[in-house]
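Just below is one structure, and these are the notes that go with it.
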Amino acid sequence: QYAKITCTSRYVPENPVSNHQLSTMMDTSDEWISSRTGIKSRNIVTDENTSDLCIEVANKLLEKSGKSAADLDFILVATMTPDYGTPSVACQVQGSISATQAFAFDISAACSGFVYALSMGEKLIRTGKKLGMVIGGETLSKVLDWNDRSTAVLFGDGAAGVLLEASTEEHFLNEKLQADGQRANSLTSGYLKNKSPFYTGSSETSVHLQMTGRDIYDFSLSDVTNNIREIIEEDVDFLLLHQANKRIIEKISKKLKVPREKFLTNMEYNGNTSAASIPLLLDESVESGVLQLGSKQKIVLTGYGGGLTWGSILLTL
Ligand SMILES: O=C(O)C1CCN(c2ccc(-c3cc(CO)ccc3Cl)cn2)CC1
């Protein structure tokens with residue numbers, strides 16, 4: 001049996017924060033942010049954590065599909081901002097919706113997280129599972145250094161996901177997942193300092209998200225473009241890349257010689273939501289009718305970011 005995406009949904013916190021609002025909090029401007037990133041607004045939690053956003057997505061998926069939580073075989077959540085080390089966000093979701101038959105775990109692959117998790121979910125269906133949930137969810141606002149204008153203006157909170165079901169037709173056509181831990185320091189976040197009385201080590205690494213933007217930018221134009229080139233086919237209808245930066249997407253489109261209009265974007269009103277960015281874009285595009293489940297449209301999903309990790313999946317809807 002094969003895997004098929006049969007439902008999509010999303011949830012973002014009801015607190016949009018505009019570039020202008022940020023310009024009253026730190027030394028930045030709407031002009032700088034929108035011209036350099038394509039971002040005009042992002043949604044920031046006021047009293048929710050990552051599990052709350054993902055539980056909303058899970059409930060919407062069940063509601064939209066008519067499926068029962070008890071029929072779920074697995075729940076995968078891709079996140080770099082879990083509520084806890086344990087329990088996983090996936091287990092918090094499993095408990096909240098009472099998916100008593102589902103095993104559940106989180107996947108940590110930063111902005112490639114959803115693509116990594118979708119690939120894993122597809123293998124679970126191909127090896128016999130009947131129904132699974134794959135969600136990307138983040139509350140990056142809790143790990144940002146809100147005094148660092150170079151990163152605080154780039155990121156947003158949100159969650160979105162899909163239902164994967166067993167199918168007789170083949171939808172997942174190709175994939176290539178990659179990593180390079182030797183460039184891990186280009187993007188770090190969430191370091192937990194050891195405060196034990198026995199610990200003599202010292203580390204200046206902070207809990208805050210830190211990024212050498214230049215290195216990540218260059219990596220995206222080289223490794224990521226090459227990865228897509230290996231996966232893409234002539235008749236691809238749309239490409240849904242991790243929504244990190246509008247200029248990056250424009251540059252990748254030029255390097256690949258693929259028309260810009262095939263690259264869907266939503267960073268304008270979501271910011272960079274890491275593992276949530278691709279499923280947010282997927283659900284928004286299904287809702288707007290640009291994409292239709294069951295239409296056989298051929299799309300590429302590409303994540304890239306912390307780890308370093310990157311990866312693409314070629315599939316038909
Ligand atoms: O000065 C400028 O133009 C600045 C230059 C630096 N910028 C960057 C740099 C890197 C990223 C980024 C982040 C992730 C993590 O999700 C993944 C992939 C990318 Cl490419 C986003 N923005 C913003 C505009």
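By convention here, the chains of the structure tokens are called A, B, ... in the order presented, each chain's residues are numbered starting at 1, and ligands are numbered starting at 1 in the order presented.
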
**Request:** Set the cut-off to 6 Å, count only C-alpha atoms and all ligand atoms, and list whatever residues fall near ligand 1 as a ChimeraX atom specification.
**Result:** /A:36-37,111,213-214,216-217,220,244-245,274,304-305

**Request:** Write down as an NGL selection string the residues belonging to stretch 25-199 of chain A that are assigned helix (DSSP H, G or I) by DSSP computed on the backbone.
**Result:** :A and (30-37 or 50-65 or 69-71 or 89-97 or 110-126 or 140-142 or 149-152 or 181-186)

Show which residues sit within 12 Å of A:Ser253, as a short mmCIF file (atom, residue, chain, number, x, y, z; two decimals) with N, CA and C atoms, in the first residue's frame. Count only C-alpha atoms, and ignore same-chain residues fewer than 2 positions away.
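Dumped to part-v7.cif:
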```cif
data_model
loop_
_atom_site.label_atom_id
_atom_site.label_comp_id
_atom_site.auth_asym_id
_atom_site.auth_seq_id
_atom_site.Cartn_x
_atom_site.Cartn_y
_atom_site.Cartn_z
N SER A 220 21.57 27.84 1.57
CA SER A 220 20.28 27.69 0.90
C SER A 220 20.43 27.80 -0.61
N LEU A 221 21.35 28.68 -1.05
CA LEU A 221 21.51 28.87 -2.49
C LEU A 221 22.34 27.76 -3.13
N VAL A 224 20.81 23.51 -1.02
CA VAL A 224 19.36 23.31 -1.14
C VAL A 224 18.94 23.31 -2.61
N THR A 225 19.53 24.24 -3.38
CA THR A 225 19.21 24.29 -4.81
C THR A 225 19.60 22.98 -5.49
N ASN A 226 20.78 22.46 -5.14
CA ASN A 226 21.23 21.18 -5.74
C ASN A 226 20.29 20.03 -5.37
N ILE A 228 17.04 20.23 -4.68
CA ILE A 228 15.79 20.35 -5.45
C ILE A 228 16.03 19.89 -6.89
N ARG A 229 17.19 20.28 -7.43
CA ARG A 229 17.53 19.92 -8.83
C ARG A 229 17.50 18.40 -9.01
N PHE A 238 3.88 23.03 -8.67
CA PHE A 238 4.24 24.04 -7.66
C PHE A 238 5.35 23.53 -6.76
N LEU A 239 6.13 24.47 -6.22
CA LEU A 239 7.14 24.16 -5.22
C LEU A 239 6.80 24.91 -3.94
N LEU A 240 6.78 24.16 -2.81
CA LEU A 240 6.48 24.75 -1.51
C LEU A 240 7.74 24.65 -0.67
N LEU A 241 8.53 25.74 -0.69
CA LEU A 241 9.78 25.78 0.07
C LEU A 241 9.53 26.32 1.46
N LYS A 246 12.04 35.80 1.22
CA LYS A 246 11.53 35.91 -0.16
C LYS A 246 12.65 36.00 -1.19
N ARG A 247 13.72 36.70 -0.84
CA ARG A 247 14.85 36.87 -1.78
C ARG A 247 15.50 35.53 -2.08
N ILE A 248 15.59 34.69 -1.03
CA ILE A 248 16.20 33.36 -1.20
C ILE A 248 15.40 32.58 -2.23
N ILE A 249 14.08 32.62 -2.09
CA ILE A 249 13.21 31.85 -2.99
C ILE A 249 13.34 32.38 -4.41
N GLU A 250 13.43 33.69 -4.55
CA GLU A 250 13.61 34.28 -5.89
C GLU A 250 14.94 33.84 -6.50
N LYS A 251 15.99 33.79 -5.68
CA LYS A 251 17.31 33.39 -6.18
C LYS A 251 17.32 31.90 -6.57
N LYS A 255 18.15 30.18 -10.17
CA LYS A 255 19.23 29.17 -10.34
C LYS A 255 18.68 27.91 -10.98
N LEU A 256 17.44 27.56 -10.60
CA LEU A 256 16.84 26.32 -11.12
C LEU A 256 16.23 26.53 -12.51
N LYS A 257 16.10 27.82 -12.89
CA LYS A 257 15.41 28.16 -14.15
C LYS A 257 13.97 27.61 -14.14
N VAL A 258 13.35 27.73 -12.97
CA VAL A 258 11.94 27.36 -12.81
C VAL A 258 11.16 28.65 -12.58
N PRO A 259 10.06 28.86 -13.32
CA PRO A 259 9.33 30.13 -13.21
C PRO A 259 8.98 30.48 -11.77
N ARG A 260 9.16 31.73 -11.37
CA ARG A 260 8.94 32.21 -10.00
C ARG A 260 7.51 31.90 -9.54
N GLU A 261 6.55 31.94 -10.51
CA GLU A 261 5.14 31.76 -10.08
C GLU A 261 4.84 30.33 -9.64
N LYS A 262 5.78 29.41 -9.87
CA LYS A 262 5.57 28.05 -9.37
C LYS A 262 5.93 27.93 -7.89
N PHE A 263 6.60 28.98 -7.35
CA PHE A 263 7.01 28.95 -5.95
C PHE A 263 5.95 29.66 -5.11
N LEU A 264 5.18 28.90 -4.35
CA LEU A 264 4.15 29.51 -3.49
C LEU A 264 4.81 30.13 -2.27
#
```

**Item:** Close residues, A:Asn185 itself excluded, 9 Å, only C-alpha atoms, min 2 positions apart in chain, as a list in words
**Value:**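 Near A:Asn185, the qualifying residues are Gly181, Gln182, Arg183, Leu187, Thr188, Gln210, Met211, Thr212, Gly306, Gly307 and Leu308 of chain A.
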
**Asked** So which residues touch A:Cys91 within 8 Å, counting only C-alpha atoms, skipping near sequence neighbours fewer than 4 positions away, as a list in words?
**Response**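 Here the qualifying residues turn out to be Ile75, Pro87, Gly95, Ala104 and Phe105 of chain A.
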
Mind dumping a table of every stretch 9-44 of chain A residue within 8 Å of stretch 146-169 of chain A, with the nearest atom pair and its distance in Å to one decimal, using only C-alpha atoms, sorted by chain and rising number, as a tab-separated table?
```
residue	atom	partner	partner_atom	distance
A:Ser9	CA	A:Ala160	CA	5.6
A:Arg10	CA	A:Ala160	CA	3.9
A:Tyr11	CA	A:Ala159	CA	5.4
A:Val12	CA	A:Gly158	CA	4.4
A:Pro13	CA	A:Gly158	CA	6.6
A:Asn19	CA	A:Val153	CA	7.6
A:Leu22	CA	A:Val153	CA	7.3
A:Met26	CA	A:Arg149	CA	6.6
A:Asp27	CA	A:Arg149	CA	6.9
A:Thr28	CA	A:Arg149	CA	6.7
A:Ile33	CA	A:Val153	CA	7.2
A:Thr37	CA	A:Leu154	CA	7.6
A:Ile39	CA	A:Leu154	CA	7.5
A:Arg42	CA	A:Gly156	CA	5.1
A:Asn43	CA	A:Gly156	CA	5.5
A:Ile44	CA	A:Asp157	CA	5.4
```

**Item:** Straight-line distance linking atom CA of A:Val286 with atom CA of A:Ala90, stated in Å to one decimal
**Value:**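 Atom CA of A:Ala90 lies 24.2 Å from atom CA of A:Val286.
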
**Asked** Looking at only C-alpha atoms, which of A:Leu53, A:Val134, A:Leu209, A:Ile231 is the one that sits closest to A:Phe114?
**Response** A:Val134

**Asked** From the list A:Thr302, A:Ser108, A:Ser141, A:Thr8, which residue is nearest A:Thr46 when using only C-alpha atoms?
**Response**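 Closest residue, counting only C-alpha atoms: A:Ser141.
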